[in-house]
>>> print(open('input19.json').read())   # JSON, C-alpha atoms
[["chain", "number", "residue", "atom", "x", "y", "z"],
["A", 1, "MET", "CA", 0.00, 0.00, 0.00],
["A", 2, "THR", "CA", 1.32, 3.45, -0.82],
["A", 3, "SER", "CA", 1.56, 6.35, 1.59],
["A", 4, "ARG", "CA", -1.70, 7.75, 0.13],
["A", 5, "LEU", "CA", -4.96, 5.86, 0.30],
["A", 6, "THR", "CA", -6.17, 4.72, -3.11],
["A", 7, "ILE", "CA", -9.73, 3.83, -2.14],
["A", 8, "ASP", "CA", -12.86, 5.96, -1.99],
["A", 9, "TYR", "CA", -14.03, 7.08, 1.44],
["A", 10, "PRO", "CA", -15.96, 4.07, 2.75],
["A", 11, "THR", "CA", -19.44, 4.57, 4.16],
["A", 12, "LEU", "CA", -20.34, 1.56, 6.32],
["A", 13, "ALA", "CA", -23.68, 0.19, 7.48],
["A", 14, "THR", "CA", -24.74, -2.37, 10.05],
["A", 15, "ASP", "CA", -28.20, -3.45, 11.17],
["A", 16, "ARG", "CA", -28.48, -0.49, 13.54],
["A", 17, "LEU", "CA", -25.75, 1.93, 12.49],
["A", 18, "ARG", "CA", -24.50, 4.10, 9.63],
["A", 19, "LEU", "CA", -20.82, 5.06, 9.70],
["A", 20, "ARG", "CA", -20.05, 8.03, 7.49],
["A", 21, "ALA", "CA", -17.39, 10.67, 6.88],
["A", 22, "PRO", "CA", -17.18, 13.41, 9.50],
["A", 23, "HIS", "CA", -18.10, 17.02, 8.68],
["A", 24, "MET", "CA", -17.46, 20.22, 10.56],
["A", 25, "GLU", "CA", -21.26, 20.55, 10.87],
["A", 26, "ASP", "CA", -21.06, 17.60, 13.32],
["A", 27, "GLY", "CA", -19.40, 19.93, 15.84],
["A", 28, "ASP", "CA", -22.35, 20.56, 18.18],
["A", 29, "ALA", "CA", -23.42, 16.91, 18.42],
["A", 30, "PHE", "CA", -19.83, 15.65, 18.79],
["A", 31, "HIS", "CA", -19.05, 18.30, 21.39],
["A", 32, "ALA", "CA", -22.11, 17.23, 23.40],
["A", 33, "ILE", "CA", -20.78, 13.64, 23.45],
["A", 34, "LEU", "CA", -17.21, 14.61, 24.34],
["A", 35, "SER", "CA", -18.47, 16.93, 27.09],
["A", 36, "VAL", "CA", -19.79, 13.98, 29.12],
["A", 37, "PRO", "CA", -16.96, 13.36, 31.63],
["A", 38, "ASP", "CA", -17.14, 9.56, 31.42],
["A", 39, "VAL", "CA", -16.64, 9.63, 27.62],
["A", 40, "SER", "CA", -13.09, 11.01, 27.78],
["A", 41, "ARG", "CA", -12.19, 9.73, 31.26],
["A", 42, "PHE", "CA", -10.15, 6.79, 29.93],
["A", 43, "SER", "CA", -8.70, 8.53, 26.86],
["A", 44, "ASN", "CA", -6.10, 11.05, 25.83],
["A", 45, "LEU", "CA", -8.83, 13.48, 24.79],
["A", 46, "PRO", "CA", -9.26, 16.46, 27.11],
["A", 47, "ASP", "CA", -11.79, 16.18, 29.93],
["A", 48, "ALA", "CA", -14.59, 18.71, 29.37],
["A", 49, "PRO", "CA", -13.11, 19.95, 26.08],
["A", 50, "THR", "CA", -13.69, 23.49, 24.96],
["A", 51, "ARG", "CA", -15.53, 24.01, 21.68],
["A", 52, "LYS", "CA", -12.19, 24.98, 20.12],
["A", 53, "GLN", "CA", -10.63, 21.66, 21.27],
["A", 54, "THR", "CA", -13.58, 19.72, 19.84],
["A", 55, "GLU", "CA", -13.29, 21.67, 16.58],
["A", 56, "ARG", "CA", -9.56, 20.81, 16.33],
["A", 57, "THR", "CA", -10.32, 17.12, 16.90],
["A", 58, "LEU", "CA", -13.13, 17.18, 14.35],
["A", 59, "LYS", "CA", -10.99, 19.07, 11.81],
["A", 60, "TRP", "CA", -8.27, 16.41, 12.19],
["A", 61, "MET", "CA", -10.90, 13.68, 11.71],
["A", 62, "CYS", "CA", -12.17, 15.43, 8.55],
["A", 63, "GLU", "CA", -8.66, 15.63, 7.07],
["A", 64, "VAL", "CA", -6.90, 12.41, 8.14],
["A", 65, "PHE", "CA", -8.25, 10.27, 5.25],
["A", 66, "ALA", "CA", -7.30, 12.77, 2.53],
["A", 67, "LYS", "CA", -3.78, 12.89, 3.99],
["A", 68, "GLY", "CA", -3.55, 9.09, 3.78],
["A", 69, "LYS", "CA", -2.82, 8.74, 7.50],
["A", 70, "GLY", "CA", -6.07, 7.29, 8.87],
["A", 71, "CYS", "CA", -9.84, 7.27, 8.50],
["A", 72, "ALA", "CA", -12.62, 8.53, 10.76],
["A", 73, "TRP", "CA", -16.32, 7.80, 10.81],
["A", 74, "MET", "CA", -19.20, 9.43, 12.64],
["A", 75, "ILE", "CA", -21.59, 6.84, 14.04],
["A", 76, "GLU", "CA", -25.28, 7.45, 13.43],
["A", 77, "ASP", "CA", -28.23, 5.49, 14.76],
["A", 78, "ARG", "CA", -29.98, 4.31, 11.58],
["A", 79, "ALA", "CA", -33.46, 4.47, 13.11],
["A", 80, "SER", "CA", -33.24, 8.10, 14.25],
["A", 81, "GLY", "CA", -30.34, 9.51, 12.21],
["A", 82, "LYS", "CA", -28.86, 10.82, 15.48],
["A", 83, "LEU", "CA", -25.07, 11.12, 15.75],
["A", 84, "ILE", "CA", -24.11, 8.86, 18.67],
["A", 85, "GLY", "CA", -20.33, 8.64, 18.46],
["A", 86, "ALA", "CA", -17.19, 8.29, 16.40],
["A", 87, "VAL", "CA", -14.77, 5.51, 15.49],
["A", 88, "ARG", "CA", -11.54, 5.83, 13.55],
["A", 89, "PHE", "CA", -8.22, 4.51, 12.47],
["A", 90, "ASN", "CA", -6.15, 7.11, 14.34],
["A", 91, "ARG", "CA", -3.06, 6.06, 12.45],
["A", 92, "ILE", "CA", -2.39, 3.76, 9.52],
["A", 93, "GLU", "CA", 1.13, 2.42, 9.08],
["A", 94, "HIS", "CA", 1.06, 1.53, 5.39],
["A", 95, "ASP", "CA", 4.33, -0.38, 5.19],
["A", 96, "ALA", "CA", 3.38, -2.55, 8.17],
["A", 97, "ARG", "CA", -0.28, -2.78, 7.02],
["A", 98, "CYS", "CA", -1.27, -1.91, 10.58],
["A", 99, "ALA", "CA", -3.76, 0.58, 12.05],
["A", 100, "GLN", "CA", -4.73, 1.81, 15.49],
["A", 101, "ILE", "CA", -8.42, 2.11, 16.28],
["A", 102, "GLY", "CA", -10.11, 4.51, 18.70],
["A", 103, "TYR", "CA", -13.70, 5.44, 19.51],
["A", 104, "GLU", "CA", -16.21, 7.40, 21.59],
["A", 105, "LEU", "CA", -19.91, 6.73, 22.18],
["A", 106, "ASP", "CA", -22.78, 8.67, 23.73],
["A", 107, "PRO", "CA", -23.36, 7.07, 27.16],
["A", 108, "ALA", "CA", -27.08, 6.70, 26.39],
["A", 109, "PHE", "CA", -26.00, 3.93, 23.99],
["A", 110, "TRP", "CA", -23.50, 2.16, 26.28],
["A", 111, "GLY", "CA", -23.99, -1.50, 27.16],
["A", 112, "LYS", "CA", -26.19, -2.25, 24.14],
["A", 113, "GLY", "CA", -23.59, -3.56, 21.68],
["A", 114, "TYR", "CA", -23.49, -0.44, 19.49],
["A", 115, "MET", "CA", -19.75, 0.13, 19.79],
["A", 116, "ARG", "CA", -18.94, -3.55, 19.23],
["A", 117, "GLU", "CA", -21.09, -3.36, 16.08],
["A", 118, "ALA", "CA", -19.24, -0.22, 14.88],
["A", 119, "VAL", "CA", -15.80, -1.67, 15.66],
["A", 120, "GLU", "CA", -16.63, -4.90, 13.82],
["A", 121, "ALA", "CA", -17.69, -2.91, 10.74],
["A", 122, "VAL", "CA", -14.49, -0.84, 10.81],
["A", 123, "VAL", "CA", -12.34, -3.94, 11.32],
["A", 124, "ALA", "CA", -13.99, -5.68, 8.35],
["A", 125, "CYS", "CA", -13.41, -2.55, 6.24],
["A", 126, "GLY", "CA", -9.81, -2.34, 7.43],
["A", 127, "PHE", "CA", -9.04, -5.88, 6.35],
["A", 128, "ALA", "CA", -11.04, -5.88, 3.09],
["A", 129, "GLN", "CA", -10.67, -2.34, 1.75],
["A", 130, "PHE", "CA", -7.51, -1.01, 3.42],
["A", 131, "ALA", "CA", -5.66, -4.35, 3.07],
["A", 132, "LEU", "CA", -4.57, -4.24, 6.71],
["A", 133, "ASN", "CA", -2.98, -7.22, 8.40],
["A", 134, "ARG", "CA", -3.18, -5.97, 12.01],
["A", 135, "ILE", "CA", -5.46, -3.59, 13.90],
["A", 136, "GLU", "CA", -4.41, -2.42, 17.35],
["A", 137, "ALA", "CA", -6.16, -0.71, 20.23],
["A", 138, "TRP", "CA", -5.18, 0.42, 23.69],
["A", 139, "THR", "CA", -7.23, 0.92, 26.80],
["A", 140, "LEU", "CA", -6.31, 2.34, 30.16],
["A", 141, "PRO", "CA", -6.39, 0.13, 33.27],
["A", 142, "GLY", "CA", -9.86, 0.26, 34.80],
["A", 143, "ASN", "CA", -11.72, 0.64, 31.51],
["A", 144, "ALA", "CA", -13.32, -2.79, 31.61],
["A", 145, "ALA", "CA", -16.17, -1.74, 29.30],
["A", 146, "SER", "CA", -13.78, -0.88, 26.46],
["A", 147, "ASP", "CA", -11.81, -4.09, 27.10],
["A", 148, "ARG", "CA", -15.09, -6.02, 26.64],
["A", 149, "VAL", "CA", -15.93, -4.15, 23.41],
["A", 150, "LEU", "CA", -12.58, -5.14, 21.94],
["A", 151, "GLU", "CA", -12.74, -8.76, 23.14],
["A", 152, "LYS", "CA", -16.28, -9.19, 21.77],
["A", 153, "ALA", "CA", -15.04, -7.76, 18.45],
["A", 154, "GLY", "CA", -12.37, -10.46, 18.26],
["A", 155, "PHE", "CA", -9.37, -8.57, 19.65],
["A", 156, "GLN", "CA", -6.88, -10.34, 21.89],
["A", 157, "TYR", "CA", -5.20, -8.80, 24.91],
["A", 158, "GLU", "CA", -1.43, -8.79, 24.32],
["A", 159, "GLY", "CA", -0.09, -7.19, 27.50],
["A", 160, "THR", "CA", 0.44, -3.89, 29.23],
["A", 161, "LEU", "CA", 2.95, -1.26, 28.14],
["A", 162, "ARG", "CA", 3.93, 0.41, 31.39],
["A", 163, "GLN", "CA", 3.84, 4.20, 31.47],
["A", 164, "LYS", "CA", 3.57, 4.28, 27.68],
["A", 165, "ALA", "CA", 2.15, 7.81, 27.40],
["A", 166, "TRP", "CA", 1.93, 11.13, 29.20],
["A", 167, "PHE", "CA", -1.34, 13.05, 29.14],
["A", 168, "LYS", "CA", -3.69, 14.71, 31.62],
["A", 169, "GLY", "CA", -0.70, 15.39, 33.88],
["A", 170, "ALA", "CA", 0.35, 11.77, 34.42],
["A", 171, "PHE", "CA", 2.00, 8.74, 32.84],
["A", 172, "HIS", "CA", -0.44, 6.04, 31.75],
["A", 173, "ASP", "CA", -0.12, 2.32, 31.18],
["A", 174, "PHE", "CA", -1.59, 1.06, 27.90],
["A", 175, "ARG", "CA", -3.39, -2.28, 27.85],
["A", 176, "MET", "CA", -2.69, -3.42, 24.28],
["A", 177, "PHE", "CA", -5.12, -5.41, 22.14],
["A", 178, "SER", "CA", -4.88, -6.57, 18.53],
["A", 179, "ARG", "CA", -6.75, -8.41, 15.84],
["A", 180, "LEU", "CA", -5.06, -9.97, 12.83],
["A", 181, "VAL", "CA", -6.60, -10.54, 9.41],
["A", 182, "GLY", "CA", -6.22, -14.30, 9.94],
["A", 183, "ASP", "CA", -8.08, -14.30, 13.27],
["A", 184, "GLY", "CA", -11.58, -15.71, 13.16],
["A", 185, "PRO", "CA", -14.63, -13.48, 13.58],
["A", 186, "ASN", "CA", -14.51, -13.97, 17.35],
["A", 187, "ALA", "CA", -10.84, -14.79, 17.87]]
>>> encode(input="input19.json", output="structure tokens")
Amino acid sequence: MTSRLTIDYPTLATDRLRLRAPHMEDGDAFHAILSVPDVSRFSNLPDAPTRKQTERTLKWMCEVFAKGKGCAWMIEDRASGKLIGAVRFNRIEHDARCAQIGYELDPAFWGKGYMREAVEAVVACGFAQFALNRIEAWTLPGNAASDRVLEKAGFQYEGTLRQKAWFKGAFHDFRMFSRLVGDGPNA
């Protein structure tokens, strides 16, 4: 795969969800989701982000595909059309055919399988359309709900990278998960 993506922007659909390209017009709805303290509690996103911080994140999400460095999707509930979250390949390493996945979801939709459904759709797209071999994710210790999402989507826990990153004024351990193209649907 070259350093630039050679596929069209993929719009994905599941039984309950539509995953589409982000737009700056998503700012208000995305900001409302990111403003819920529990949404960013276990992430490197700012707690209680300002509108300007949300706009910067959304702008990056809108541009990352065109730059060939990743791909972001806004998650919509198909029944209502409501924006309920985001999922993305934060980084694609083309030579290694590897990507790192990240996501956020409106807490009103937690515990109902929506994020697992979105992650599974993005993983399938990653393997089929982006020709990836490996998809990685990290969680912070204590984020059992995100661990479960990844495990139900076929990811395997690989270990903990101690004090891997610095954000929010502290070092953080990363619990690393991965899924390989050769893994079964529920590896």
>>> closest_atom_pairs(input="input19.json", of="segment 75-128 of chain A", to="segment 147-170 of chain A", cutoff="9 Å", atoms="all atoms listed in the file", output="JSON lines")
{"residue": "A:Gly113", "atom": "CA", "partner": "A:Val149", "partner_atom": "CA", "distance": 7.9}
{"residue": "A:Met115", "atom": "CA", "partner": "A:Val149", "partner_atom": "CA", "distance": 6.8}
{"residue": "A:Arg116", "atom": "CA", "partner": "A:Val149", "partner_atom": "CA", "distance": 5.2}
{"residue": "A:Glu117", "atom": "CA", "partner": "A:Ala153", "partner_atom": "CA", "distance": 7.8}
{"residue": "A:Val119", "atom": "CA", "partner": "A:Ala153", "partner_atom": "CA", "distance": 6.7}
{"residue": "A:Glu120", "atom": "CA", "partner": "A:Ala153", "partner_atom": "CA", "distance": 5.7}
{"residue": "A:Val123", "atom": "CA", "partner": "A:Ala153", "partner_atom": "CA", "distance": 8.5}
>>> closest_residue(input="input19.json", among="A:Ala144, A:Leu45, A:Leu12, A:Val39", to="Asp106 of chain A", atoms="only C-alpha atoms")
A:Val39
>>> axis_aligned_box(input="input19.json", around="segment 21-33 of chain A", padding_each_side="8 Å", output="lines of an AutoDock Vina configuration file")
center_x = -20.3
center_y = 15.6
center_z = 15.2
size_x = 22.2
size_y = 25.9
size_z = 32.6
>>> residues_near_point(input="input19.json", point="(-10.4, -3.4, 0.7)", cutoff="12 Å", atoms="all atoms listed in the file", output="PyMOL selection string")
chain A and resi 1+5-10+97+122-133+181
>>> closest_residue(input="input19.json", among="A:Ala108, A:Met61, A:Ala66, A:Leu180", to="Val87 of chain A", atoms="only C-alpha atoms")
A:Met61
>>> closest_residue(input="input19.json", among="A:Val64, A:Arg134, A:Gly70, A:Tyr114", to="Ala96 of chain A", atoms="only C-alpha atoms")
A:Arg134
>>> closest_residue(input="input19.json", among="A:Ala145, A:Leu34, A:Ile75, A:Met24", to="Thr11 of chain A", atoms="all atoms listed in the file")
A:Ile75
>>> closest_residue(input="input19.json", among="A:Ala21, A:Leu58, A:Ile33, A:Ala48", to="Gly85 of chain A", atoms="all atoms listed in the file")
A:Ile33
>>> residues_around(input="input19.json", residues="Val36 of chain A", least_positions_apart="4", cutoff="9 Å", atoms="only C-alpha atoms", output="ChimeraX atom specification")
/A:31-32,40-41,47-48,106-107
>>> closest_residue(input="input19.json", among="A:Tyr103, A:Trp73, A:Phe174, A:Phe89", to="Trp138 of chain A", atoms="all atoms listed in the file")
A:Phe174
>>> atom_distance(input="input19.json", atom1="atom CA of Arg88 of chain A", atom2="atom CA of Pro22 of chain A")
10.3 Å
>>> atom_distance(input="input19.json", atom1="atom CA of Ile135 of chain A", atom2="atom CA of Arg179 of chain A")
5.4 Å
>>> residues_near_point(input="input19.json", point="(-5.4, -0.2, 27.4)", cutoff="6 Å", atoms="all atoms listed in the file", output="count of residues only")
7
>>> atom_distance(input="input19.json", atom1="atom CA of Phe30 of chain A", atom2="atom CA of Ser43 of chain A")
15.5 Å
>>> residues_around(input="input19.json", residues="Lys82 of chain A", least_positions_apart="4", cutoff="10 Å", atoms="only C-alpha atoms", output="list in words")
Leu17, Arg18, Ala29, Ile75, Glu76, Asp77 and Arg78 of chain A
>>> decode(input="input19.json", residues="segment 165-184 of chain A", atoms="N, CA and C atoms", output="PDB file, in the first residue's frame")
ATOM      1  N   ALA A 165       2.466   6.461  27.891  1.00  0.00           N
ATOM      2  CA  ALA A 165       2.149   7.808  27.404  1.00  0.00           C
ATOM      3  C   ALA A 165       1.947   8.775  28.562  1.00  0.00           C
ATOM      4  N   TRP A 166       2.144  10.046  28.238  1.00  0.00           N
ATOM      5  CA  TRP A 166       1.925  11.127  29.200  1.00  0.00           C
ATOM      6  C   TRP A 166       0.795  12.001  28.679  1.00  0.00           C
ATOM      7  N   PHE A 167      -0.275  12.108  29.431  1.00  0.00           N
ATOM      8  CA  PHE A 167      -1.345  13.051  29.136  1.00  0.00           C
ATOM      9  C   PHE A 167      -2.155  13.245  30.412  1.00  0.00           C
ATOM     10  N   LYS A 168      -2.895  14.340  30.447  1.00  0.00           N
ATOM     11  CA  LYS A 168      -3.693  14.706  31.624  1.00  0.00           C
ATOM     12  C   LYS A 168      -2.833  14.750  32.886  1.00  0.00           C
ATOM     13  N   GLY A 169      -1.579  15.176  32.738  1.00  0.00           N
ATOM     14  CA  GLY A 169      -0.702  15.388  33.879  1.00  0.00           C
ATOM     15  C   GLY A 169      -0.127  14.144  34.528  1.00  0.00           C
ATOM     16  N   ALA A 170      -0.167  13.009  33.828  1.00  0.00           N
ATOM     17  CA  ALA A 170       0.352  11.768  34.422  1.00  0.00           C
ATOM     18  C   ALA A 170       0.796  10.805  33.327  1.00  0.00           C
ATOM     19  N   PHE A 171       1.657   9.853  33.725  1.00  0.00           N
ATOM     20  CA  PHE A 171       1.997   8.743  32.840  1.00  0.00           C
ATOM     21  C   PHE A 171       0.877   7.712  32.913  1.00  0.00           C
ATOM     22  N   HIS A 172       0.638   7.028  31.804  1.00  0.00           N
ATOM     23  CA  HIS A 172      -0.438   6.041  31.748  1.00  0.00           C
ATOM     24  C   HIS A 172       0.070   4.738  31.142  1.00  0.00           C
ATOM     25  N   ASP A 173      -0.343   3.637  31.747  1.00  0.00           N
ATOM     26  CA  ASP A 173      -0.120   2.319  31.178  1.00  0.00           C
ATOM     27  C   ASP A 173      -1.121   2.106  30.049  1.00  0.00           C
ATOM     28  N   PHE A 174      -0.699   1.428  28.998  1.00  0.00           N
ATOM     29  CA  PHE A 174      -1.587   1.065  27.895  1.00  0.00           C
ATOM     30  C   PHE A 174      -1.784  -0.442  27.919  1.00  0.00           C
ATOM     31  N   ARG A 175      -3.036  -0.873  28.026  1.00  0.00           N
ATOM     32  CA  ARG A 175      -3.393  -2.282  27.855  1.00  0.00           C
ATOM     33  C   ARG A 175      -3.576  -2.484  26.351  1.00  0.00           C
ATOM     34  N   MET A 176      -2.705  -3.279  25.736  1.00  0.00           N
ATOM     35  CA  MET A 176      -2.687  -3.424  24.282  1.00  0.00           C
ATOM     36  C   MET A 176      -3.514  -4.626  23.820  1.00  0.00           C
ATOM     37  N   PHE A 177      -4.286  -4.385  22.769  1.00  0.00           N
ATOM     38  CA  PHE A 177      -5.121  -5.409  22.136  1.00  0.00           C
ATOM     39  C   PHE A 177      -4.822  -5.394  20.647  1.00  0.00           C
ATOM     40  N   SER A 178      -5.022  -6.535  19.987  1.00  0.00           N
ATOM     41  CA  SER A 178      -4.883  -6.567  18.532  1.00  0.00           C
ATOM     42  C   SER A 178      -5.802  -7.609  17.939  1.00  0.00           C
ATOM     43  N   ARG A 179      -6.025  -7.419  16.646  1.00  0.00           N
ATOM     44  CA  ARG A 179      -6.745  -8.411  15.843  1.00  0.00           C
ATOM     45  C   ARG A 179      -6.012  -8.504  14.511  1.00  0.00           C
ATOM     46  N   LEU A 180      -5.748  -9.720  14.092  1.00  0.00           N
ATOM     47  CA  LEU A 180      -5.065  -9.967  12.825  1.00  0.00           C
ATOM     48  C   LEU A 180      -6.064 -10.415  11.764  1.00  0.00           C
ATOM     49  N   VAL A 181      -5.718 -10.179  10.505  1.00  0.00           N
ATOM     50  CA  VAL A 181      -6.599 -10.537   9.412  1.00  0.00           C
ATOM     51  C   VAL A 181      -6.931 -12.043   9.452  1.00  0.00           C
ATOM     52  N   GLY A 182      -5.992 -12.869   9.909  1.00  0.00           N
ATOM     53  CA  GLY A 182      -6.224 -14.303   9.942  1.00  0.00           C
ATOM     54  C   GLY A 182      -7.014 -14.789  11.145  1.00  0.00           C
ATOM     55  N   ASP A 183      -7.270 -13.915  12.107  1.00  0.00           N
ATOM     56  CA  ASP A 183      -8.077 -14.304  13.266  1.00  0.00           C
ATOM     57  C   ASP A 183      -9.521 -14.534  12.829  1.00  0.00           C
ATOM     58  N   GLY A 184     -10.165 -15.458  13.469  1.00  0.00           N
ATOM     59  CA  GLY A 184     -11.576 -15.710  13.160  1.00  0.00           C
ATOM     60  C   GLY A 184     -12.440 -14.547  13.569  1.00  0.00           C
TER      61      GLY A 184
END
